[in-house]
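Below: query_14.txt (compact mmCIF, C-alpha atoms)
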```txt
# COMPACT_ATOMS: atom_id res chain seq x y z
CA MET A 1 32.56 86.39 38.06
CA LYS A 2 33.61 86.39 41.72
CA PHE A 3 31.31 83.41 42.34
CA ARG A 4 32.92 81.45 39.48
CA THR A 5 36.42 82.26 40.82
CA ARG A 6 35.36 81.03 44.25
CA VAL A 7 34.07 77.73 42.82
CA VAL A 8 37.33 77.13 40.94
CA GLY A 9 39.33 77.86 44.08
CA VAL A 10 37.29 75.40 46.16
CA THR A 11 37.64 72.73 43.47
CA VAL A 12 41.42 73.11 43.37
CA LEU A 13 41.56 72.92 47.16
CA LEU A 14 39.56 69.68 47.20
CA ILE A 15 41.84 68.14 44.58
CA LEU A 16 44.91 69.04 46.67
CA VAL A 17 43.33 67.47 49.78
CA VAL A 18 42.61 64.23 47.88
CA ILE A 19 46.19 64.09 46.58
CA ILE A 20 47.64 64.63 50.07
CA LEU A 21 45.42 61.89 51.54
CA ALA A 22 46.39 59.48 48.76
CA LEU A 23 50.09 60.11 49.30
CA GLY A 24 49.65 59.53 53.01
CA LEU A 25 47.86 56.24 52.45
CA LEU A 26 50.55 55.09 50.02
CA SER A 27 53.21 55.88 52.60
CA VAL A 28 51.43 53.74 55.20
CA VAL A 29 51.08 50.83 52.77
CA MET A 30 54.74 51.02 51.78
CA ARG A 31 55.79 51.11 55.41
CA PHE A 32 53.60 48.37 56.83
CA GLY A 33 52.71 46.36 53.70
CA PRO A 34 54.74 43.64 51.98
CA SER A 35 58.46 44.16 51.72
CA ARG A 36 60.06 45.09 48.41
CA GLU A 37 61.42 41.54 48.17
CA THR A 38 57.94 40.10 48.69
CA ARG A 39 56.43 42.46 46.13
CA ASN A 40 59.12 41.58 43.62
CA ARG A 41 58.58 37.88 44.23
CA ALA A 42 54.82 38.28 43.73
CA MET A 43 55.44 40.17 40.51
CA PHE A 44 57.83 37.42 39.36
CA ASP A 45 55.29 34.72 40.25
CA GLN A 46 52.54 36.51 38.31
CA THR A 47 54.85 36.95 35.34
CA SER A 48 55.86 33.30 35.47
CA ALA A 49 52.25 32.20 35.64
CA PHE A 50 51.40 34.42 32.68
CA LYS A 51 54.30 32.95 30.72
CA LYS A 52 53.18 29.42 31.55
CA ILE A 53 49.66 30.18 30.34
CA ASN A 54 50.89 31.99 27.26
CA ALA A 55 53.36 29.23 26.54
CA PHE A 56 51.07 26.33 26.96
CA SER A 57 53.97 25.05 25.00
CA ILE A 58 54.19 21.62 25.95
CA PHE A 59 53.10 21.76 22.34
CA GLY A 60 55.33 24.46 20.92
CA MET A 61 52.42 26.14 19.20
CA ASP A 62 51.58 29.65 18.03
CA GLN A 63 49.65 30.71 21.11
CA ARG A 64 48.15 33.82 19.51
CA LYS A 65 46.39 31.62 17.03
CA ASP A 66 45.60 28.48 19.01
CA ARG A 67 45.08 29.43 22.64
CA GLY A 68 41.36 29.76 22.04
CA GLN A 69 41.32 26.18 20.79
CA LEU A 70 42.83 24.82 23.97
CA VAL A 71 41.83 27.10 26.84
CA SER A 72 38.39 27.42 28.39
CA LYS A 73 37.52 30.66 30.18
CA GLN A 74 34.61 28.99 31.96
CA HIS A 75 36.92 27.78 34.75
CA SER A 76 38.50 29.77 37.54
CA PHE A 77 41.93 29.00 36.12
CA PHE A 78 42.93 28.29 32.55
CA ARG A 79 42.53 24.63 31.66
CA PRO A 80 42.89 22.91 28.33
CA VAL A 81 39.76 22.16 26.37
CA ILE A 82 40.40 18.52 25.57
CA GLN A 83 40.08 17.75 21.88
CA LEU A 84 38.86 14.18 21.29
CA ALA A 85 38.57 12.60 17.83
CA VAL A 86 36.90 9.39 16.69
CA VAL A 87 36.24 7.95 13.23
CA ILE A 88 33.07 5.94 12.52
CA CYS A 89 32.10 4.14 9.34
CA GLY A 90 29.31 1.58 9.40
CA ASP A 91 26.06 1.37 11.40
CA ASP A 92 27.50 -1.25 13.73
CA ARG A 93 30.03 1.22 15.11
CA VAL A 94 27.61 4.05 15.96
CA ASN A 95 26.39 2.72 19.33
CA GLU A 96 29.92 1.65 20.21
CA SER A 97 31.29 5.15 19.64
CA LEU A 98 28.40 6.78 21.52
CA ASN A 99 29.12 4.49 24.46
CA MET A 100 32.74 5.64 24.38
CA LEU A 101 31.68 9.31 24.34
CA LYS A 102 29.28 8.66 27.22
CA SER A 103 32.10 7.23 29.32
CA ALA A 104 34.25 10.30 28.56
CA ILE A 105 31.46 12.62 29.71
CA ILE A 106 30.83 10.61 32.89
CA TYR A 107 34.45 10.66 34.07
CA THR A 108 35.85 13.93 32.76
CA ASN A 109 35.64 17.15 34.75
CA THR A 110 37.02 19.70 32.31
CA SER A 111 35.59 20.94 29.01
CA MET A 112 35.84 18.73 25.93
CA HIS A 113 35.33 19.16 22.21
CA PHE A 114 34.47 16.05 20.18
CA HIS A 115 35.58 15.75 16.55
CA ILE A 116 33.39 13.07 15.00
CA PHE A 117 34.41 11.88 11.54
CA THR A 118 31.70 9.88 9.81
CA ASP A 119 29.73 9.47 6.59
CA PRO A 120 26.66 11.70 5.90
CA PRO A 121 24.01 8.98 6.46
CA LEU A 122 25.22 8.53 10.06
CA MET A 123 25.49 12.18 11.06
CA THR A 124 21.89 12.56 12.25
CA ASN A 125 22.36 9.70 14.71
CA PHE A 126 25.09 11.63 16.51
CA ILE A 127 23.37 15.01 16.39
CA THR A 128 20.20 13.62 17.98
CA VAL A 129 21.95 11.84 20.83
CA LEU A 130 24.63 14.44 21.59
CA ASP A 131 22.16 17.34 21.63
CA HIS A 132 20.06 15.38 24.10
CA TRP A 133 23.09 14.68 26.28
CA LYS A 134 24.12 18.33 26.26
CA SER A 135 20.85 19.25 27.92
CA MET A 136 21.86 17.07 30.89
CA ALA A 137 25.66 17.29 30.90
CA ASP A 138 26.77 20.56 29.38
CA LYS A 139 30.53 20.01 29.55
CA PHE A 140 31.21 19.33 25.88
CA THR A 141 30.79 20.71 22.39
CA TYR A 142 31.17 18.82 19.15
CA THR A 143 31.85 19.10 15.43
CA ILE A 144 30.82 16.48 12.90
CA HIS A 145 33.16 16.10 9.92
CA GLU A 146 32.61 14.11 6.78
CA VAL A 147 35.22 11.42 6.23
CA THR A 148 37.65 12.85 3.69
CA PHE A 149 40.92 11.69 2.20
CA LEU A 150 42.81 14.60 0.69
CA GLN A 151 45.56 12.46 -0.77
CA GLU A 152 45.33 10.72 -4.12
CA GLY A 153 43.85 7.27 -4.10
CA GLU A 154 40.91 7.75 -1.74
CA LYS A 155 39.67 4.23 -2.43
CA LYS A 156 42.89 2.58 -1.28
CA TRP A 157 43.00 4.65 1.92
CA ARG A 158 39.32 4.17 2.74
CA SER A 159 39.60 0.39 2.48
CA LEU A 160 42.90 0.10 4.38
CA PHE A 161 42.35 -2.45 7.19
CA LYS A 162 38.82 -1.39 8.29
CA PRO A 163 36.48 1.10 6.57
CA CYS A 164 37.96 4.60 6.89
CA ALA A 165 40.24 3.61 9.82
CA ALA A 166 43.10 5.33 7.99
CA GLN A 167 41.31 8.68 8.36
CA ARG A 168 43.19 9.34 11.60
CA LEU A 169 46.50 9.30 9.74
CA PHE A 170 45.45 12.55 8.09
CA LEU A 171 44.09 14.41 11.12
CA PRO A 172 47.11 16.77 11.22
CA THR A 173 46.05 18.04 7.79
CA LEU A 174 42.28 17.89 8.24
CA LEU A 175 42.30 19.64 11.64
CA HIS A 176 44.83 22.28 10.65
CA ASP A 177 43.66 24.75 13.33
CA VAL A 178 43.91 22.24 16.20
CA ASP A 179 47.18 21.96 18.08
CA ALA A 180 46.76 18.83 20.22
CA LEU A 181 44.35 15.93 20.07
CA LEU A 182 43.40 12.64 21.69
CA TYR A 183 42.37 10.03 19.11
CA VAL A 184 40.60 6.83 20.20
CA ASP A 185 39.10 3.86 18.41
CA THR A 186 35.34 3.42 18.65
CA ASP A 187 35.73 0.28 20.77
CA THR A 188 37.16 2.01 23.83
CA LEU A 189 35.70 2.99 27.21
CA PHE A 190 37.10 5.50 29.69
CA PHE A 191 37.27 4.73 33.39
CA ARG A 192 39.32 7.74 34.35
CA PRO A 193 39.11 11.50 33.58
CA LEU A 194 40.46 12.46 30.18
CA GLU A 195 42.49 15.23 31.78
CA ASP A 196 44.63 12.56 33.47
CA LEU A 197 45.47 11.14 30.05
CA TRP A 198 45.90 14.62 28.57
CA ASN A 199 48.50 15.36 31.25
CA PHE A 200 50.94 13.06 29.46
CA PHE A 201 51.50 15.95 27.05
CA ASP A 202 53.35 17.62 29.94
CA LEU A 203 55.75 14.68 30.11
CA MET A 204 56.64 14.70 26.42
CA ASN A 205 59.94 16.31 25.53
CA SER A 206 60.34 18.97 22.87
CA SER A 207 60.90 16.49 20.03
CA GLN A 208 58.10 13.99 20.71
CA ILE A 209 55.05 14.29 18.48
CA ALA A 210 52.77 11.51 19.78
CA ALA A 211 52.18 9.11 22.66
CA LEU A 212 51.02 5.48 22.53
CA THR A 213 50.94 2.31 24.63
CA PRO A 214 52.84 -0.92 23.90
CA GLU A 215 51.30 -3.55 21.67
CA ALA A 216 52.87 -6.51 23.50
CA GLU A 217 54.58 -6.57 26.89
CA ASP A 218 55.51 -10.25 26.49
CA LEU A 219 58.07 -10.50 23.69
CA SER A 220 57.37 -14.20 23.20
CA ILE A 221 53.74 -13.69 22.18
CA GLY A 222 53.94 -10.31 20.44
CA TRP A 223 52.36 -10.27 17.00
CA TYR A 224 55.00 -7.98 15.50
CA SER A 225 57.92 -10.08 16.72
CA ARG A 226 56.42 -13.24 15.22
CA PHE A 227 54.66 -12.17 12.03
CA ALA A 228 55.50 -8.62 10.90
CA ARG A 229 57.11 -8.24 7.48
CA HIS A 230 57.93 -4.57 7.93
CA PRO A 231 59.85 -2.38 10.40
CA TYR A 232 58.10 -1.69 13.72
CA TYR A 233 58.75 0.30 16.87
CA GLY A 234 60.83 -1.35 19.58
CA LYS A 235 62.37 -4.01 17.40
CA PHE A 236 65.89 -3.55 18.69
CA ASP A 237 66.12 -1.77 22.04
CA ALA A 238 62.69 -1.42 23.67
CA PRO A 239 61.46 -3.75 26.48
CA PHE A 240 58.32 -4.44 24.45
CA ILE A 241 57.38 -5.02 20.83
CA GLY A 242 55.37 -2.57 18.74
CA VAL A 243 52.78 0.02 19.77
CA ASN A 244 49.00 -0.17 19.70
CA SER A 245 47.31 2.78 18.01
CA GLY A 246 43.86 2.59 19.63
CA VAL A 247 44.50 5.40 22.14
CA MET A 248 46.81 8.04 20.69
CA LEU A 249 47.83 11.47 21.91
CA MET A 250 48.77 13.57 18.88
CA ASN A 251 50.67 16.85 18.89
CA LEU A 252 49.25 17.93 15.54
CA THR A 253 51.41 21.06 15.30
CA ARG A 254 54.63 19.09 15.60
CA MET A 255 53.32 16.39 13.26
CA ARG A 256 52.61 19.01 10.61
CA ASP A 257 56.01 20.60 11.12
CA PHE A 258 57.68 17.20 10.67
CA ASN A 259 55.76 16.44 7.45
CA TRP A 260 53.95 13.50 9.01
CA ASN A 261 51.64 12.92 6.05
CA GLY A 262 54.51 13.01 3.59
CA HIS A 263 56.29 10.27 5.53
CA ILE A 264 53.12 8.18 5.85
CA ASN A 265 52.52 8.36 2.09
CA ASP A 266 56.08 7.28 1.41
CA TYR A 267 55.88 4.34 3.81
CA PHE A 268 52.56 3.23 2.36
CA THR A 269 54.04 3.23 -1.13
CA LYS A 270 57.04 1.21 0.01
CA TYR A 271 55.39 -1.28 2.40
CA ARG A 272 51.75 -1.52 1.24
CA LEU A 273 52.14 -5.19 0.25
CA ASN A 274 53.63 -6.11 3.64
CA ILE A 275 51.21 -4.53 6.12
CA THR A 276 48.39 -6.37 7.87
CA TRP A 277 46.95 -3.96 10.43
CA GLY A 278 46.67 -0.96 8.15
CA ASP A 279 47.08 2.40 9.87
CA GLN A 280 48.63 0.83 12.99
CA ASP A 281 51.34 -0.80 10.90
CA LEU A 282 52.13 2.50 9.19
CA ILE A 283 52.38 4.21 12.58
CA ASN A 284 54.77 1.49 13.76
CA ILE A 285 56.84 1.86 10.61
CA PHE A 286 57.11 5.61 11.13
CA PHE A 287 58.25 5.31 14.74
CA SER A 288 60.68 2.52 13.91
CA PHE A 289 62.61 5.13 11.91
CA TYR A 290 61.98 7.96 14.40
CA PRO A 291 61.74 6.33 17.87
CA GLU A 292 62.80 9.58 19.54
CA LYS A 293 59.54 11.13 18.34
CA LEU A 294 57.36 8.84 20.45
CA TYR A 295 56.39 8.92 24.12
CA VAL A 296 55.17 5.58 25.50
CA TYR A 297 52.72 5.60 28.40
CA PRO A 298 51.45 2.70 30.58
CA CYS A 299 49.24 -0.14 29.36
CA GLU A 300 46.46 0.72 31.84
CA TRP A 301 45.46 3.40 29.30
CA ASN A 302 44.84 0.79 26.60
CA PHE A 303 43.81 -2.41 28.37
CA ARG A 304 42.92 -5.21 25.96
CA PRO A 305 41.96 -8.92 26.21
CA ASP A 306 45.56 -9.80 25.36
CA HIS A 307 46.56 -8.38 28.75
CA CYS A 308 44.57 -10.92 30.76
CA MET A 309 43.33 -13.82 28.64
CA TYR A 310 46.21 -16.09 29.72
CA ARG A 311 47.78 -14.23 32.61
CA MET A 312 48.06 -10.64 33.77
CA LEU A 313 50.50 -8.80 31.52
CA CYS A 314 49.74 -5.19 32.45
CA GLN A 315 51.32 -4.35 35.79
CA SER A 316 50.13 -0.73 35.84
CA ALA A 317 46.49 -1.90 35.54
CA GLN A 318 47.11 -4.39 38.35
CA ASP A 319 48.44 -1.56 40.52
CA ASN A 320 46.16 1.32 39.53
CA GLY A 321 43.12 -0.23 37.89
CA VAL A 322 42.17 -0.01 34.23
CA SER A 323 41.95 3.55 32.89
CA VAL A 324 40.83 2.78 29.32
CA VAL A 325 39.29 -0.52 28.21
CA HIS A 326 39.89 -1.38 24.54
CA GLY A 327 37.59 -4.03 23.13
CA ILE A 328 39.71 -5.12 20.19
CA ARG A 329 38.52 -7.89 17.86
CA ARG A 330 34.90 -7.14 18.83
CA SER A 331 35.49 -8.39 22.36
CA PHE A 332 32.71 -6.10 23.64
CA HIS A 333 30.27 -8.19 21.62
CA GLU A 334 31.75 -11.70 21.38
CA LYS A 335 30.87 -14.46 23.85
CA LYS A 336 34.49 -15.56 24.09
CA HIS A 337 35.32 -12.31 25.95
CA PRO A 338 32.49 -12.15 28.53
CA THR A 339 34.39 -9.90 30.95
CA PHE A 340 34.80 -7.15 28.38
CA SER A 341 31.21 -7.65 27.24
CA ALA A 342 29.93 -7.26 30.82
CA VAL A 343 31.79 -3.96 31.25
CA TYR A 344 30.52 -2.65 27.92
CA HIS A 345 26.86 -3.52 28.50
CA ALA A 346 26.88 -1.99 31.98
CA MET A 347 28.09 1.29 30.48
CA GLU A 348 25.59 1.01 27.63
CA ALA A 349 22.65 0.62 30.04
CA PHE A 350 23.66 3.59 32.21
CA GLN A 351 21.80 6.85 31.57
CA PHE A 352 22.74 10.39 32.54
CA GLY A 353 21.03 11.40 35.75
CA GLN A 354 21.24 7.92 37.23
CA ASP A 355 23.31 6.98 40.27
CA LEU A 356 26.88 5.86 39.50
CA GLU A 357 26.96 3.28 42.28
CA LYS A 358 23.46 1.84 41.98
CA ASP A 359 23.07 2.03 38.21
CA LEU A 360 26.60 1.53 36.90
CA LEU A 361 28.95 -0.05 39.45
CA LEU A 362 26.57 -2.66 40.88
CA PRO A 363 25.33 -3.92 37.48
CA MET A 364 28.94 -4.07 36.30
CA LEU A 365 29.99 -6.07 39.36
CA ALA A 366 27.05 -8.43 38.85
CA GLY A 367 28.11 -9.06 35.27
CA LEU A 368 31.73 -9.59 36.23
CA ILE A 369 30.96 -12.02 39.06
CA ASN A 370 29.30 -14.30 36.55
CA GLN A 371 32.56 -14.45 34.58
CA SER A 372 34.88 -15.31 37.46
CA HIS A 373 35.73 -18.64 35.83
CA SER A 374 37.60 -16.93 32.96
CA SER A 375 41.16 -15.62 33.14
CA CYS A 376 40.08 -12.00 32.71
CA GLY A 377 37.10 -12.53 35.00
CA LYS A 378 39.45 -13.51 37.84
CA LEU A 379 40.89 -10.00 37.53
CA ALA A 380 37.51 -8.26 37.72
CA HIS A 381 38.73 -5.83 40.38
CA VAL A 382 41.01 -4.05 37.89
CA PHE A 383 37.98 -3.11 35.77
CA THR A 384 36.06 -1.51 38.65
CA LYS A 385 38.88 -0.06 40.75
CA ARG A 386 38.77 3.39 39.15
CA LEU A 387 34.97 3.59 39.25
CA GLU A 388 34.91 2.57 42.92
CA ALA A 389 37.50 5.25 43.70
CA ARG A 390 35.47 7.90 41.87
CA ILE A 391 32.30 7.03 43.75
CA LYS A 392 34.18 7.09 47.05
CA ASN A 393 35.62 10.53 46.30
CA MET A 394 32.19 11.87 45.33
CA LYS A 395 30.76 10.72 48.67
CA HIS A 396 33.42 12.71 50.51
CA LEU A 397 32.71 15.95 48.67
```
For the structure just supplied, provide its representation as structure tokens.
Amino acid sequence: MKFRTRVVGVTVLLILVVIILALGLLSVVMRFGPSRETRNRAMFDQTSAFKKINAFSIFGMDQRKDRGQLVSKQHSFFRPVIQLAVVICGDDRVNESLNMLKSAIIYTNTSMHFHIFTDPPLMTNFITVLDHWKSMADKFTYTIHEVTFLQEGEKKWRSLFKPCAAQRLFLPTLLHDVDALLYVDTDTLFFRPLEDLWNFFDLMNSSQIAALTPEAEDLSIGWYSRFARHPYYGKFDAPFIGVNSGVMLMNLTRMRDFNWNGHINDYFTKYRLNITWGDQDLINIFFSFYPEKLYVYPCEWNFRPDHCMYRMLCQSAQDNGVSVVHGIRRSFHEKKHPTFSAVYHAMEAFQFGQDLEKDLLLPMLAGLINQSHSSCGKLAHVFTKRLEARIKNMKHL
């Protein structure tokens, strides 16, 4: 009994000694450590950072539900997982879309998730190639969706303009758990990290639901100003005419909240006999009535043959280099656009694991030099400027 009492007494004494030492250490820290003002500022900075992460609300979304969709914990600091969507119908568009995805993987540093909308017979093509790529460049995941039109009249929507091109009009409904998305046409190639394009979400105000590039910077040759038989964006007060829908940032949450699909259905019913370019015309009609809902970013992010076939019409590409090449009207494959074809085939031949300078840049330059007689060929430097900068930066790492 006495022994047990002694043990208890010693234990209590040790606890008291530990408490006294802890209090002494705390006193030293408070005396010689950061001032109260500094500690308060640090606490404020941490709280602000937490709020910024919790309110990734450049999008105005329900963070409790969607943060997992947009934030990757694989990085040392929270970064958005970039959601990229593409729609493919027809065998001839499979290789084109895979080339686009390859360019995104080559240039992008952060995590990506690809949403691939296609018909069942084509799904295996993507699974085989993407699974192989993941073994060499594990920075992306993907989901393959079957092309689906939830609205009545699937046949009319599927055949609007090009096969299933109208699918992207219904992405806010189909991807109901995704907050923000980058949609691109199959005939595009990236020459700059996707996160640089994604950053335009930060520049959108609280009412804007999408971002696009102009269709025509020269009002005298714009298609919409000369031929359109329906309303279009920029008709009255913008310094350009219409918008091109090939590279589109979409705030899906805001689009759902604004009843995007209801408006699109109404405009299709009203203007279906007057539209030529299908989904792009409907997008222009929508933003002609709601111009405040659109953010317009520079043409370097959607550089097309129209920008250089007569003279240079995209000043931002002249200054910064091309960020996204868009091979409209099959310019990646037609002989009348050899500059765009040279860029496309250089990217197509490049394989993961090869050297960017030796196996991508030099073949691309060789193809472009041969086209120096054409208007676009004389501007070859704008196609390689971003790639040359990337290679230079990698050498300095």
Nearest-residue call for A:Tyr232, choices A:Ile391, A:Ile285, A:Ala180, A:Met255, using only C-alpha atoms:
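Looking at the shortest contact to A:Tyr232, the residue is A:Ile285.
When the distance limit is 12 Å and all atoms listed in the file are what count, the residues near A:Gly90, minus those fewer than 5 positions from it on the same chain, are A:Asn95, A:Glu96, A:Ser97, A:Phe117, A:Thr118, A:Asp119, A:Pro120, A:Pro121, A:Leu122, A:Met123, A:Asn125, A:Val147, A:Lys162, A:Pro163, A:Cys164, A:Ala165, A:Thr186.
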Please dump the current selection as a compact mmCIF listing (two decimals), in the frame of the given file; keep C-alpha atoms.
```txt
# COMPACT_ATOMS: atom_id res chain seq x y z
CA ASN A 95 26.39 2.72 19.33
CA GLU A 96 29.92 1.65 20.21
CA SER A 97 31.29 5.15 19.64
CA PHE A 117 34.41 11.88 11.54
CA THR A 118 31.70 9.88 9.81
CA ASP A 119 29.73 9.47 6.59
CA PRO A 120 26.66 11.70 5.90
CA PRO A 121 24.01 8.98 6.46
CA LEU A 122 25.22 8.53 10.06
CA MET A 123 25.49 12.18 11.06
CA ASN A 125 22.36 9.70 14.71
CA VAL A 147 35.22 11.42 6.23
CA LYS A 162 38.82 -1.39 8.29
CA PRO A 163 36.48 1.10 6.57
CA CYS A 164 37.96 4.60 6.89
CA ALA A 165 40.24 3.61 9.82
CA THR A 186 35.34 3.42 18.65
```
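When all atoms listed in the file are used to compute distances to A:Lys134, the closest of the residues A:Val178, A:Phe352, A:Met248, A:Lys385 turns out to be A:Phe352.
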With a distance cut-off of 12 Å and only C-alpha atoms, select the neighbouring residues of A:Lys139, excluding the residue or stretch itself and same-chain residues fewer than 3 positions from it, and output the selection as a count of residues only.
25
Considering all atoms listed in the file, state which residue in the set A:Tyr297, A:Phe140, A:Phe287, A:Tyr183 is at the smallest distance from A:Asn199.
A:Tyr297
Residues at most 9 Å from A:Leu252, counting only C-alpha atoms, excluding those fewer than 4 positions away in the same chain, as a PyMOL selection string?
chain A and resi 59+171-173+175-176+178-181+209-210+256-257
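Shortest separation to A:Pro193 among A:Leu360, A:Trp260, A:Ser103, A:His307 occurs at residue A:Ser103, atoms counted being only C-alpha atoms.
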Identify the residues within 8 Å of coordinate (42.2, 1.6, 22.1) (same frame as the file), considering only C-alpha atoms, and give the answer as a PyMOL selection string.
chain A and resi 184-188+244-247+302-304+324-328
Output file for the selection above: C-alpha atoms, as a JSON list (two decimals), in the frame of the given file:
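Output saved as result-v6.json:
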```
[["chain", "number", "residue", "atom", "x", "y", "z"],
["A", 184, "VAL", "CA", 40.60, 6.83, 20.20],
["A", 185, "ASP", "CA", 39.10, 3.86, 18.41],
["A", 186, "THR", "CA", 35.34, 3.42, 18.65],
["A", 187, "ASP", "CA", 35.73, 0.28, 20.77],
["A", 188, "THR", "CA", 37.16, 2.01, 23.83],
["A", 244, "ASN", "CA", 49.00, -0.17, 19.70],
["A", 245, "SER", "CA", 47.31, 2.78, 18.01],
["A", 246, "GLY", "CA", 43.86, 2.59, 19.63],
["A", 247, "VAL", "CA", 44.50, 5.40, 22.14],
["A", 302, "ASN", "CA", 44.84, 0.79, 26.60],
["A", 303, "PHE", "CA", 43.81, -2.41, 28.37],
["A", 304, "ARG", "CA", 42.92, -5.21, 25.96],
["A", 324, "VAL", "CA", 40.83, 2.78, 29.32],
["A", 325, "VAL", "CA", 39.29, -0.52, 28.21],
["A", 326, "HIS", "CA", 39.89, -1.38, 24.54],
["A", 327, "GLY", "CA", 37.59, -4.03, 23.13],
["A", 328, "ILE", "CA", 39.71, -5.12, 20.19]]
```
Distance query 6 Å from (33.0, 14.3, 11.6) using all atoms listed in the file, result as a list in words:
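Residues satisfying the cut-off, written out: His115, Ile116, Phe117, Thr118, Ile144, His145 and Glu146 of chain A.
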Best match for closeness to A:Pro291 among A:Ser375, A:Gln208, A:Asn99, A:Ser159, counting only C-alpha atoms
A:Gln208
